[in-house]
$ cat start.cif   # mmCIF, C-alpha atoms and all ligand atoms
data_query
#
loop_
_atom_site.label_atom_id
_atom_site.label_comp_id
_atom_site.auth_asym_id
_atom_site.auth_seq_id
_atom_site.Cartn_x
_atom_site.Cartn_y
_atom_site.Cartn_z
CA MET Q 1 -19.20 17.25 11.71
CA ASN Q 2 -16.76 14.35 11.64
CA SER Q 3 -13.11 15.32 12.19
CA PHE Q 4 -12.29 13.80 8.81
CA ASP Q 5 -14.62 16.37 7.23
CA THR Q 6 -12.44 19.31 8.27
CA PRO Q 7 -10.10 20.31 5.45
CA ILE Q 8 -6.50 20.98 6.54
CA ASP Q 9 -4.64 23.38 4.29
CA ARG Q 10 -1.52 21.60 3.01
CA ARG Q 11 -0.81 23.94 0.10
CA ASP Q 12 2.18 25.80 1.55
CA SER Q 13 3.52 22.85 3.50
CA ASP Q 14 6.19 20.24 2.82
CA SER Q 15 3.59 18.02 1.08
CA ILE Q 16 4.77 16.59 -2.24
CA LYS Q 17 1.16 15.77 -3.04
CA TRP Q 18 0.08 19.43 -2.85
CA GLY Q 19 3.42 20.94 -3.92
CA LYS Q 20 3.17 19.34 -7.35
CA TYR Q 21 0.41 21.74 -8.37
CA ALA Q 22 1.50 24.80 -6.36
CA GLY Q 23 -0.11 27.94 -7.69
CA ARG Q 24 -2.55 26.01 -9.93
CA ASP Q 25 -6.17 25.17 -9.32
CA VAL Q 26 -5.59 21.41 -9.49
CA LEU Q 27 -6.89 19.13 -6.73
CA PRO Q 28 -4.12 16.61 -6.05
CA LEU Q 29 -5.61 13.11 -5.76
CA TRP Q 30 -2.46 11.29 -6.77
CA VAL Q 31 0.32 10.11 -4.42
CA ALA Q 32 -0.87 7.78 -1.63
CA ASP Q 33 -1.14 9.87 1.48
CA MET Q 34 -4.38 11.12 2.98
CA ASP Q 35 -5.32 14.72 3.74
CA PHE Q 36 -6.20 13.80 7.34
CA ALA Q 37 -4.33 14.55 10.57
CA ALA Q 38 -2.78 11.54 12.29
CA PRO Q 39 -4.70 9.94 15.19
CA PRO Q 40 -4.67 12.11 18.36
CA PRO Q 41 -2.73 9.48 20.38
CA VAL Q 42 -0.01 9.51 17.72
CA ILE Q 43 0.26 13.31 17.81
CA ALA Q 44 0.41 13.23 21.63
CA ALA Q 45 3.16 10.58 21.60
CA LEU Q 46 5.19 12.60 19.12
CA GLN Q 47 4.81 15.69 21.30
CA ARG Q 48 6.01 13.75 24.34
CA ARG Q 49 8.99 12.43 22.42
CA ILE Q 50 9.88 15.91 21.16
CA GLU Q 51 9.65 17.29 24.73
CA HIS Q 52 12.47 14.92 25.66
CA GLY Q 53 14.72 16.99 23.43
CA VAL Q 54 17.43 14.43 22.67
CA PHE Q 55 17.31 12.77 19.25
CA GLY Q 56 20.22 10.34 19.19
CA TYR Q 57 20.27 7.13 17.16
CA GLY Q 58 17.39 5.00 18.26
CA GLY Q 59 16.25 1.42 18.09
CA PRO Q 60 13.10 -0.45 19.07
CA TRP Q 61 12.24 -0.90 22.75
CA PRO Q 62 10.19 -3.65 24.44
CA SER Q 63 6.79 -1.89 24.58
CA LEU Q 64 7.09 -0.99 20.86
CA THR Q 65 7.81 -4.60 19.91
CA GLU Q 66 4.98 -5.71 22.19
CA SER Q 67 2.62 -3.27 20.43
CA VAL Q 68 3.53 -4.67 16.99
CA LEU Q 69 3.13 -8.27 18.15
CA ALA Q 70 -0.21 -7.59 19.86
CA HIS Q 71 -1.53 -5.73 16.82
CA LEU Q 72 -0.62 -8.49 14.37
CA GLU Q 73 -2.18 -11.08 16.62
CA SER Q 74 -5.41 -9.19 17.33
CA GLU Q 75 -5.95 -7.87 13.78
CA TYR Q 76 -4.73 -10.81 11.72
CA LEU Q 77 -4.52 -13.74 14.14
CA TRP Q 78 -0.84 -13.80 13.22
CA ARG Q 79 1.63 -14.73 15.95
CA ILE Q 80 5.21 -13.72 15.34
CA GLU Q 81 8.40 -13.73 17.38
CA PRO Q 82 10.23 -10.47 18.18
CA GLU Q 83 13.41 -11.63 16.43
CA TRP Q 84 11.57 -12.06 13.14
CA ILE Q 85 11.17 -8.27 12.84
CA VAL Q 86 13.66 -6.27 10.77
CA TRP Q 87 13.02 -2.51 11.08
CA LEU Q 88 13.16 -0.46 7.90
CA PRO Q 89 12.80 3.23 7.01
CA GLY Q 90 10.24 2.34 4.33
CA LEU Q 91 8.57 -0.38 2.32
CA VAL Q 92 10.19 0.66 -0.94
CA THR Q 93 13.53 0.09 0.77
CA GLY Q 94 12.25 -3.37 1.69
CA LEU Q 95 11.27 -4.17 -1.92
CA ASN Q 96 14.70 -3.12 -3.16
CA VAL Q 97 16.50 -5.04 -0.41
CA ALA Q 98 14.46 -8.16 -1.22
CA CYS Q 99 15.49 -7.93 -4.88
CA ARG Q 100 19.16 -7.60 -3.89
CA ALA Q 101 18.93 -10.41 -1.31
CA ILE Q 102 17.46 -13.07 -3.58
CA ASP Q 103 19.63 -14.26 -6.46
CA GLY Q 104 17.60 -14.74 -9.61
CA GLU Q 105 14.86 -13.17 -11.68
CA VAL Q 106 11.78 -11.49 -10.28
CA LEU Q 107 8.11 -12.04 -11.08
CA THR Q 108 5.22 -9.69 -10.38
CA ALA Q 109 1.65 -9.09 -11.53
CA THR Q 110 0.72 -5.85 -13.28
CA PRO Q 111 -0.72 -3.25 -13.06
CA ILE Q 112 1.37 -2.54 -9.99
CA TYR Q 113 2.73 0.20 -7.73
CA PRO Q 114 5.69 1.57 -9.74
CA PRO Q 115 8.56 0.63 -7.34
CA PHE Q 116 7.68 -3.05 -7.99
CA LEU Q 117 8.77 -2.38 -11.57
CA SER Q 118 11.88 -0.35 -10.72
CA ALA Q 119 13.27 -2.34 -7.75
CA PRO Q 120 14.37 -5.39 -9.83
CA HIS Q 121 15.98 -3.08 -12.37
CA PHE Q 122 17.84 -1.09 -9.68
CA SER Q 123 19.06 -4.39 -8.27
CA GLY Q 124 20.29 -5.74 -11.61
CA ARG Q 125 17.55 -8.40 -11.74
CA GLN Q 126 15.38 -9.28 -14.71
CA LEU Q 127 11.69 -8.58 -14.13
CA ASN Q 128 9.07 -10.94 -15.56
CA ARG Q 129 5.52 -9.60 -15.58
CA ALA Q 130 2.18 -11.37 -15.64
CA GLU Q 131 -0.95 -9.32 -16.18
CA LEU Q 132 -3.79 -9.55 -13.70
CA ALA Q 133 -7.12 -10.38 -15.33
CA CYS Q 134 -9.89 -7.79 -15.14
CA THR Q 135 -13.01 -9.98 -15.14
CA ASP Q 136 -16.70 -9.13 -14.65
CA ALA Q 137 -16.30 -10.43 -11.11
CA GLY Q 138 -13.30 -8.17 -10.46
CA TRP Q 139 -9.51 -8.40 -10.65
CA ARG Q 140 -8.00 -11.89 -10.47
CA PHE Q 141 -4.61 -13.54 -10.74
CA ASP Q 142 -4.32 -15.22 -14.12
CA GLN Q 143 -2.64 -18.57 -13.49
CA ASN Q 144 -1.79 -19.04 -17.17
CA ALA Q 145 -0.20 -15.61 -17.35
CA LEU Q 146 1.82 -16.36 -14.20
CA LYS Q 147 3.00 -19.67 -15.60
CA SER Q 148 4.03 -18.16 -18.91
CA ALA Q 149 5.86 -15.23 -17.29
CA LEU Q 150 7.77 -17.56 -14.99
CA THR Q 151 11.29 -18.54 -16.10
CA ALA Q 152 13.54 -21.25 -14.69
CA ALA Q 153 15.71 -18.48 -13.21
CA THR Q 154 12.83 -16.79 -11.33
CA ARG Q 155 13.37 -16.96 -7.56
CA LEU Q 156 11.35 -14.03 -6.18
CA PHE Q 157 7.67 -13.16 -6.46
CA LEU Q 158 6.71 -9.61 -5.49
CA LEU Q 159 3.14 -9.71 -4.17
CA CYS Q 160 1.09 -6.62 -3.40
CA HIS Q 161 -1.53 -7.51 -0.79
CA PRO Q 162 -3.90 -5.69 -0.62
CA HIS Q 163 -3.15 -4.72 -4.18
CA ASN Q 164 -2.24 -1.20 -5.23
CA PRO Q 165 -3.70 -0.10 -7.63
CA VAL Q 166 -6.55 -2.59 -8.21
CA GLY Q 167 -7.80 -2.52 -4.61
CA ARG Q 168 -8.15 -6.28 -4.10
CA CYS Q 169 -7.92 -7.83 -0.65
CA TRP Q 170 -6.76 -11.28 -1.82
CA SER Q 171 -8.80 -14.12 -0.36
CA ARG Q 172 -7.44 -17.17 1.46
CA GLU Q 173 -8.15 -19.34 -1.62
CA GLU Q 174 -6.30 -16.96 -3.91
CA LEU Q 175 -3.36 -16.75 -1.52
CA LEU Q 176 -3.25 -20.54 -1.14
CA THR Q 177 -3.07 -20.89 -4.92
CA LEU Q 178 -0.15 -18.47 -4.94
CA ALA Q 179 1.51 -20.37 -2.10
CA THR Q 180 1.22 -23.62 -4.08
CA PHE Q 181 2.69 -21.87 -7.10
CA ALA Q 182 5.58 -20.53 -4.97
CA ASP Q 183 6.24 -24.01 -3.52
CA ALA Q 184 6.16 -25.69 -6.91
CA ASN Q 185 8.64 -23.20 -8.33
CA ASP Q 186 10.79 -22.58 -5.27
CA LEU Q 187 10.02 -18.86 -5.06
CA VAL Q 188 10.53 -16.52 -2.16
CA VAL Q 189 7.40 -14.37 -1.81
CA CYS Q 190 7.97 -10.77 -0.79
CA SER Q 191 4.50 -9.68 0.28
CA ASP Q 192 4.02 -5.91 0.51
CA GLU Q 193 1.17 -5.56 3.01
CA ILE Q 194 1.41 -1.81 3.60
CA HIS Q 195 -2.34 -1.37 2.92
CA CYS Q 196 -3.41 -4.22 5.23
CA GLY Q 197 -5.15 -1.89 7.71
CA LEU Q 198 -7.31 -0.39 4.97
CA VAL Q 199 -9.76 -3.19 4.19
CA LEU Q 200 -13.04 -1.37 3.48
CA ASP Q 201 -15.47 -4.25 3.01
CA ALA Q 202 -16.92 -5.37 6.33
CA ASP Q 203 -17.06 -9.00 5.17
CA LYS Q 204 -13.39 -9.21 4.21
CA ARG Q 205 -10.29 -9.65 6.35
CA HIS Q 206 -6.65 -9.22 5.60
CA ILE Q 207 -4.78 -12.53 5.77
CA PRO Q 208 -0.98 -12.13 5.88
CA PHE Q 209 0.54 -14.39 3.24
CA ALA Q 210 3.01 -15.70 5.80
CA SER Q 211 0.19 -16.71 8.14
CA LEU Q 212 -1.22 -19.24 5.63
CA SER Q 213 1.01 -22.14 6.67
CA PRO Q 214 4.48 -22.88 8.06
CA GLU Q 215 5.64 -23.52 4.51
CA ALA Q 216 4.35 -20.12 3.29
CA ALA Q 217 6.04 -18.48 6.29
CA ARG Q 218 9.32 -20.22 5.52
CA ARG Q 219 9.49 -18.74 2.05
CA SER Q 220 8.17 -15.26 2.77
CA ILE Q 221 9.30 -11.76 3.53
CA THR Q 222 6.35 -9.71 4.76
CA LEU Q 223 6.60 -5.93 4.56
CA MET Q 224 4.33 -3.86 6.78
CA ALA Q 225 4.09 -0.38 8.29
CA PRO Q 226 1.65 1.79 10.21
CA SER Q 227 2.25 4.49 7.58
CA LYS Q 228 -0.74 4.17 5.22
CA THR Q 229 -3.37 3.18 7.75
CA PHE Q 230 -2.56 5.91 10.26
CA ASN Q 231 -1.43 8.45 7.65
CA ILE Q 232 2.15 8.85 8.86
CA PRO Q 233 4.18 7.90 5.74
CA GLY Q 234 6.41 10.96 6.15
CA LEU Q 235 7.70 9.52 9.42
CA GLY Q 236 9.51 6.69 7.62
CA CYS Q 237 8.89 3.69 9.84
CA ALA Q 238 8.29 0.18 8.51
CA PHE Q 239 9.40 -3.38 9.11
CA ALA Q 240 9.87 -6.76 7.52
CA VAL Q 241 8.76 -9.97 9.22
CA ILE Q 242 10.93 -12.92 8.18
CA SER Q 243 10.56 -16.08 10.23
CA ASP Q 244 13.17 -18.16 8.42
CA ALA Q 245 16.53 -17.32 9.99
CA LYS Q 246 18.56 -18.00 6.84
CA LEU Q 247 16.31 -15.82 4.71
CA ARG Q 248 16.35 -13.10 7.37
CA HIS Q 249 20.14 -13.08 7.44
CA ARG Q 250 20.27 -12.83 3.66
CA PHE Q 251 17.91 -9.86 3.83
CA GLU Q 252 19.96 -8.21 6.59
CA ARG Q 253 23.20 -8.74 4.68
CA ALA Q 254 21.70 -6.98 1.65
CA MET Q 255 20.79 -4.02 3.91
CA ALA Q 256 24.28 -3.66 5.36
CA GLY Q 257 25.79 -0.23 4.91
CA ILE Q 258 22.94 1.27 2.87
CA VAL Q 259 19.84 1.16 5.06
CA PRO Q 260 19.82 3.67 7.92
CA HIS Q 261 18.27 3.36 11.36
CA VAL Q 262 14.57 4.12 11.59
CA ASN Q 263 14.04 7.60 12.98
CA VAL Q 264 12.94 7.81 16.59
CA LEU Q 265 9.76 9.77 15.86
CA GLY Q 266 8.59 7.08 13.47
CA LEU Q 267 9.15 4.41 16.09
CA ALA Q 268 7.33 6.44 18.77
CA ALA Q 269 4.38 6.94 16.40
CA CYS Q 270 4.30 3.25 15.46
CA GLU Q 271 3.84 2.09 19.04
CA VAL Q 272 0.75 4.18 19.74
CA ALA Q 273 -0.68 3.91 16.24
CA TYR Q 274 -0.94 0.14 16.66
CA ARG Q 275 -1.89 0.13 20.34
CA ASP Q 276 -4.02 3.21 21.03
CA SER Q 277 -5.60 4.38 17.77
CA GLY Q 278 -8.38 1.81 17.27
CA ASP Q 279 -11.28 4.28 17.60
CA TRP Q 280 -9.74 6.67 15.08
CA HIS Q 281 -9.12 3.73 12.75
CA ARG Q 282 -12.72 2.51 12.92
CA GLU Q 283 -13.99 6.01 12.06
CA LEU Q 284 -11.47 6.29 9.24
CA ILE Q 285 -12.63 3.05 7.63
CA ALA Q 286 -16.29 4.13 7.81
CA TYR Q 287 -15.37 7.49 6.26
CA LEU Q 288 -13.30 5.93 3.47
CA ARG Q 289 -16.07 3.45 2.75
CA THR Q 290 -18.50 6.29 2.06
CA ASN Q 291 -15.87 8.06 -0.07
CA ARG Q 292 -15.28 4.84 -2.00
CA ASN Q 293 -19.01 4.49 -2.65
CA LEU Q 294 -19.23 8.08 -3.91
CA VAL Q 295 -16.31 7.51 -6.28
CA MET Q 296 -17.78 4.22 -7.60
CA ALA Q 297 -21.15 5.84 -8.22
CA ALA Q 298 -19.68 8.92 -9.93
CA VAL Q 299 -17.24 7.00 -12.12
CA ASN Q 300 -19.67 4.37 -13.28
CA LEU Q 301 -22.16 7.09 -14.23
CA GLU Q 302 -19.88 8.39 -16.95
CA ASN Q 303 -19.80 6.94 -20.45
CA GLY Q 304 -16.47 5.48 -21.47
CA VAL Q 305 -15.00 5.05 -17.98
CA LYS Q 306 -15.31 2.27 -15.45
CA MET Q 307 -13.84 0.83 -12.29
CA GLN Q 308 -14.15 -2.37 -10.25
CA PRO Q 309 -15.12 -2.30 -6.57
CA VAL Q 310 -12.30 -1.22 -4.23
CA GLU Q 311 -12.15 -3.77 -1.39
CA ALA Q 312 -9.12 -2.20 0.28
CA THR Q 313 -6.90 0.92 0.05
CA TYR Q 314 -8.13 4.47 -0.60
CA LEU Q 315 -7.22 4.22 -4.27
CA ALA Q 316 -9.62 3.87 -7.20
CA TRP Q 317 -8.24 2.34 -10.39
CA ILE Q 318 -10.15 3.76 -13.32
CA ASP Q 319 -10.22 2.57 -16.92
CA VAL Q 320 -10.49 5.63 -19.19
CA ARG Q 321 -9.30 3.95 -22.40
CA LYS Q 322 -12.66 4.36 -24.10
CA LEU Q 323 -12.39 8.14 -23.78
CA GLY Q 324 -9.72 7.89 -26.50
CA LEU Q 325 -7.39 10.44 -24.90
CA ALA Q 326 -3.75 10.61 -26.04
CA LYS Q 327 -2.64 11.77 -22.58
CA PRO Q 328 -5.35 10.99 -20.02
CA ALA Q 329 -3.54 12.34 -16.93
CA ALA Q 330 -2.80 15.65 -18.68
CA HIS Q 331 -6.43 15.92 -19.82
CA PHE Q 332 -7.73 15.50 -16.26
CA GLU Q 333 -5.11 17.96 -14.95
CA ALA Q 334 -6.36 20.49 -17.47
CA HIS Q 335 -9.78 20.04 -15.82
CA GLY Q 336 -8.35 20.67 -12.35
CA LEU Q 337 -7.74 17.12 -11.20
CA GLY Q 338 -4.31 15.64 -10.49
CA LEU Q 339 -4.44 11.82 -10.79
CA SER Q 340 -1.72 9.18 -11.06
CA ASP Q 341 -0.97 8.10 -14.61
CA GLY Q 342 -1.55 4.39 -15.23
CA THR Q 343 1.49 4.26 -17.52
CA ASP Q 344 3.71 4.35 -14.42
CA PHE Q 345 1.90 1.23 -13.18
CA GLY Q 346 2.38 -0.58 -16.49
CA ALA Q 347 -1.14 0.25 -17.72
CA PRO Q 348 -1.52 3.18 -20.13
CA GLY Q 349 -5.12 4.43 -20.41
CA TRP Q 350 -5.82 3.99 -16.70
CA LEU Q 351 -5.80 6.54 -13.89
CA ARG Q 352 -5.55 6.17 -10.13
CA LEU Q 353 -7.62 8.43 -7.89
CA ASN Q 354 -6.80 8.82 -4.19
CA PHE Q 355 -10.03 9.29 -2.20
CA GLY Q 356 -8.33 9.74 1.19
CA CYS Q 357 -9.55 13.31 1.58
CA PRO Q 358 -12.40 15.27 3.19
CA ARG Q 359 -15.76 14.81 1.54
CA SER Q 360 -15.93 18.42 0.37
CA THR Q 361 -12.64 17.95 -1.53
CA LEU Q 362 -13.87 14.68 -2.99
CA GLU Q 363 -17.21 16.13 -4.09
CA GLU Q 364 -15.45 18.95 -5.93
CA ALA Q 365 -12.99 16.44 -7.42
CA LEU Q 366 -15.83 14.26 -8.69
CA LYS Q 367 -17.50 17.27 -10.35
CA ARG Q 368 -14.23 17.96 -12.13
CA PHE Q 369 -13.90 14.27 -13.01
CA SER Q 370 -17.27 14.27 -14.64
CA ALA Q 371 -16.58 17.54 -16.53
CA ALA Q 372 -13.30 16.08 -17.80
CA CYS Q 373 -15.02 12.90 -19.02
CA ARG Q 374 -17.71 14.87 -20.82
CA ALA Q 375 -15.12 17.14 -22.46
CA ALA Q 376 -13.11 14.19 -23.84
C1 LIG B 401 2.09 -1.01 -2.18
C2 LIG B 401 2.95 0.08 -1.63
N1 LIG B 401 4.16 -0.21 -1.14
C3 LIG B 401 4.97 0.74 -0.64
C4 LIG B 401 4.58 2.08 -0.62
C5 LIG B 401 5.50 3.13 -0.08
O1 LIG B 401 6.12 2.71 1.05
P1 LIG B 401 7.20 3.59 1.80
O2 LIG B 401 6.73 5.01 1.74
O3 LIG B 401 7.20 3.01 3.17
O4 LIG B 401 8.50 3.37 1.09
C6 LIG B 401 3.33 2.43 -1.13
C7 LIG B 401 2.92 3.83 -1.16
O5 LIG B 401 2.02 4.21 -1.84
C8 LIG B 401 2.50 1.41 -1.63
O6 LIG B 401 1.28 1.68 -2.11
#
$ encode --input "start.cif" --output "structure tokens" --more "lines below"
Ligand SMILES: Cc1ncc(COP(=O)(O)O)c(C=O)c1O
Amino acid sequence: MNSFDTPIDRRDSDSIKWGKYAGRDVLPLWVADMDFAAPPPVIAALQRRIEHGVFGYGGPWPSLTESVLAHLESEYLWRIEPEWIVWLPGLVTGLNVACRAIDGEVLTATPIYPPFLSAPHFSGRQLNRAELACTDAGWRFDQNALKSALTAATRLFLLCHPHNPVGRCWSREELLTLATFADANDLVVCSDEIHCGLVLDADKRHIPFASLSPEAARRSITLMAPSKTFNIPGLGCAFAVISDAKLRHRFERAMAGIVPHVNVLGLAACEVAYRDSGDWHRELIAYLRTNRNLVMAAVNLENGVKMQPVEATYLAWIDVRKLGLAKPAAHFEAHGLGLSDGTDFGAPGWLRLNFGCPRSTLEEALKRFSAACRAA
């Protein structure tokens, strides 16, 4: 039995994923964390750090920075300098800071992870949205939609790469087209790459937007974290990579006074996640790939629902509009399945299913999914 097969009871824990349905027979496949324990080297590093017993304010140390640099170079052929890194307690913080740092309107492509929609608003910026196109060949950027959503005042493009919720690992060609668009319209690109370690297709690779060219680097803020890949989002450790010094200073000025230090356990976990957890990561990807295939097969078997292949992330984005349900998420909850409501992503009639769970949980969830579709 694979260690990912072993269910870990999270019902009476601090988990917001499981707490939402406390006392109800609803399998929670909504918020994006996985029901797996962190990699053993991460747990050991945390134990060592706790043994030390002193938890004062902390900051990054040389072997941590070295681990980040080595990881980015070996995984993505992306060479960065230590001073380009700005540590953050989370990616959502980074999205909000980017909106505050860049004067002007914001552009993004929907459907999208909800904080992309709220961050401009919280920062007093107008948000302009372009819809992604759902084609027979999969989800694509729609250049016409991007051009029509763009205003003269737009200065920031929020990119989700890989994309939550549609699961695309954007290709070099697609990214180059976006880079040309950003150049032509003088946009800063804030690229949220939190899911970059979760590319499931063996023939695809994550390409950091900033690694495309010196010009793309100059206009980009890359947001990354070990949190999704190594399942440690509760440890609150992330970072921005900003090579352009002026842009980096603008970002840091917008953080001043409101963004706290990253907690020391998150930093300790980050170092070993990136450096020592490769075996665990390879097994995880193989496990998620099989889960993804099971979800695809089960969803596309049902009448009235469909989904496109998930190239990256552990999230399936499912079109249930043809079921004709007034409240799709509530209908699936009533059948024992807690999914994310597409409305929050700017797409009513869609649901997002998190398949980062043991196979036994997923198999039960897919039975409930099918019962809910047939009862619609
Ligand atoms: C695209 C994306 N960005 C950011 C986050 C959350 O980041 P954090 O917990 O570091 O704020 C998520 C979590 O699901 C996500 O999918």
$ residues_around --input "start.cif" --residues "Q:Met224" --least-positions-apart "5" --cutoff "7 Å" --atoms "all atoms listed in the file" --output "list in words"
Asp192, Glu193, Ile194, Ala238, Phe239 and Ala240 of chain Q
$ closest_atom_pairs --input "start.cif" --of "stretch 195-236 of chain Q" --to "stretch 69-93 of chain Q" --cutoff "8 Å" --atoms "all atoms listed in the file" --output "JSON lines"
{"residue": "Q:Arg205", "atom": "CA", "partner": "Q:Tyr76", "partner_atom": "CA", "distance": 7.8}
{"residue": "Q:His206", "atom": "CA", "partner": "Q:Tyr76", "partner_atom": "CA", "distance": 6.6}
{"residue": "Q:Ile207", "atom": "CA", "partner": "Q:Tyr76", "partner_atom": "CA", "distance": 6.2}
{"residue": "Q:Pro208", "atom": "CA", "partner": "Q:Tyr76", "partner_atom": "CA", "distance": 7.1}
{"residue": "Q:Ser211", "atom": "CA", "partner": "Q:Trp78", "partner_atom": "CA", "distance": 5.9}
{"residue": "Q:Leu223", "atom": "CA", "partner": "Q:Leu91", "partner_atom": "CA", "distance": 6.3}
{"residue": "Q:Met224", "atom": "CA", "partner": "Q:Leu91", "partner_atom": "CA", "distance": 7.1}
{"residue": "Q:Ala225", "atom": "CA", "partner": "Q:Leu91", "partner_atom": "CA", "distance": 7.5}
{"residue": "Q:Gly236", "atom": "CA", "partner": "Q:Pro89", "partner_atom": "CA", "distance": 4.8}
$ write_last_selection --input "start.cif" --atoms "C-alpha atoms" --output "PDB file, in the frame of the given file"
ATOM      1  CA  ARG Q 205     -10.290  -9.650   6.350  1.00  0.00           C
ATOM      2  CA  HIS Q 206      -6.650  -9.220   5.600  1.00  0.00           C
ATOM      3  CA  ILE Q 207      -4.780 -12.530   5.770  1.00  0.00           C
ATOM      4  CA  PRO Q 208      -0.980 -12.130   5.880  1.00  0.00           C
ATOM      5  CA  SER Q 211       0.190 -16.710   8.140  1.00  0.00           C
ATOM      6  CA  LEU Q 223       6.600  -5.930   4.560  1.00  0.00           C
ATOM      7  CA  MET Q 224       4.330  -3.860   6.780  1.00  0.00           C
ATOM      8  CA  ALA Q 225       4.090  -0.380   8.290  1.00  0.00           C
ATOM      9  CA  GLY Q 236       9.510   6.690   7.620  1.00  0.00           C
TER      10      GLY Q 236
END
$ atom_distance --input "start.cif" --atom1 "atom CA of Q:Thr110" --atom2 "atom CA of Q:Val310"
16.5 Å
$ residues_around --input "start.cif" --residues "Q:Glu311" --least-positions-apart "4" --cutoff "7 Å" --atoms "only C-alpha atoms" --output "PyMOL selection string"
chain Q and resi 167-169+199-201
$ residues_near_point --input "start.cif" --point "(-1.7, 1.0, -17.6)" --cutoff "10 Å" --atoms "all atoms listed in the file" --output "list of chain:residue names"
Q:Thr110, Q:Pro111, Q:Ile112, Q:Trp317, Q:Ile318, Q:Asp319, Q:Arg321, Q:Asp341, Q:Gly342, Q:Thr343, Q:Asp344, Q:Phe345, Q:Gly346, Q:Ala347, Q:Pro348, Q:Gly349, Q:Trp350, Q:Leu351, Q:Arg352
$ closest_residue --input "start.cif" --among "Q:Met307, Q:Val272, Q:Leu156, Q:Ala184" --to "Q:Ala98" --atoms "only C-alpha atoms"
Q:Leu156
$ residues_around --input "start.cif" --residues "Q:Met296" --least-positions-apart "2" --cutoff "12 Å" --atoms "all atoms listed in the file" --output "list in words"
Arg289, Thr290, Asn291, Arg292, Asn293, Leu294, Ala298, Val299, Asn300, Leu301, Glu302, Val305, Lys306, Met307, Gln308, Pro309, Val310, Glu311, Tyr314, Leu315, Ala316, Trp317, Ile318, Leu353, Phe355 and Leu366 of chain Q
$ atom_distance --input "start.cif" --atom1 "atom CA of Q:Glu215" --atom2 "atom CA of Q:Gly94"
21.4 Å
$ residues_around --input "start.cif" --residues "Q:Leu29" --least-positions-apart "5" --cutoff "6 Å" --atoms "all atoms listed in the file" --output "list in words"
Gly338, Leu339, Leu353 and Asn354 of chain Q
$ closest_residue --input "start.cif" --among "Q:Thr229, Q:Asn144, Q:Ser13, Q:Thr151" --to "ligand LIG 401 (chain B)" --atoms "all atoms listed in the file"
Q:Thr229
$ atom_distance --input "start.cif" --atom1 "atom CA of Q:Leu178" --atom2 "atom CA of Q:Gln143"
8.9 Å
$ residues_near_point --input "start.cif" --point "(19.4, -18.3, -6.4)" --cutoff "8 Å" --atoms "all atoms listed in the file" --output "list of chain:residue names"
Q:Ile102, Q:Asp103, Q:Gly104, Q:Ala153, Q:Arg155
$ closest_atom_pairs --input "start.cif" --of "stretch 222-286 of chain Q" --to "stretch 42-60 of chain Q" --cutoff "12 Å" --atoms "all atoms listed in the file" --output "tab-separated table"
residue	atom	partner	partner_atom	distance
Q:Pro226	CA	Q:Val42	CA	10.9
Q:Ser227	CA	Q:Val42	CA	11.5
Q:Phe230	CA	Q:Val42	CA	8.7
Q:Asn231	CA	Q:Val42	CA	10.2
Q:Ile232	CA	Q:Val42	CA	9.1
Q:Leu235	CA	Q:Leu46	CA	10.5
Q:Cys237	CA	Q:Pro60	CA	11.0
Q:Ala238	CA	Q:Pro60	CA	11.6
Q:Phe239	CA	Q:Pro60	CA	11.0
Q:Pro260	CA	Q:Tyr57	CA	9.9
Q:His261	CA	Q:Gly58	CA	7.1
Q:Val262	CA	Q:Gly59	CA	7.2
Q:Asn263	CA	Q:Gly58	CA	6.8
Q:Val264	CA	Q:Gly58	CA	5.5
Q:Leu265	CA	Q:Leu46	CA	6.3
Q:Gly266	CA	Q:Leu46	CA	8.6
Q:Leu267	CA	Q:Pro60	CA	6.9
Q:Ala268	CA	Q:Ala45	CA	6.5
Q:Ala269	CA	Q:Val42	CA	5.3
Q:Cys270	CA	Q:Val42	CA	7.9
Q:Glu271	CA	Q:Val42	CA	8.5
Q:Val272	CA	Q:Val42	CA	5.8
Q:Ala273	CA	Q:Val42	CA	5.8
Q:Tyr274	CA	Q:Val42	CA	9.5
Q:Arg275	CA	Q:Val42	CA	9.9
Q:Asp276	CA	Q:Val42	CA	8.2
Q:Ser277	CA	Q:Val42	CA	7.6
Q:Gly278	CA	Q:Val42	CA	11.4
Q:Trp280	CA	Q:Val42	CA	10.5
Q:His281	CA	Q:Val42	CA	11.9
$ closest_residue --input "start.cif" --among "Q:Gly124, Q:Leu198, Q:Ile16, Q:Ala37" --to "Q:Pro358" --atoms "all atoms listed in the file"
Q:Ala37
$ axis_aligned_box --input "start.cif" --around "stretch 294-308 of chain Q" --padding-each-side "3 Å" --output "JSON"
{"center_x": -18.0, "center_y": 3.3, "center_z": -12.7, "size_x": 14.3, "size_y": 17.3, "size_z": 23.6}
$ residues_around --input "start.cif" --residues "Q:Gly23" --least-positions-apart "6" --cutoff "12 Å" --atoms "only C-alpha atoms" --output "ChimeraX atom specification"
/Q:11-12,336
$ closest_residue --input "start.cif" --among "Q:Asp25, Q:Glu105, Q:Glu333, Q:Asp203" --to "Q:Phe157" --atoms "all atoms listed in the file"
Q:Glu105
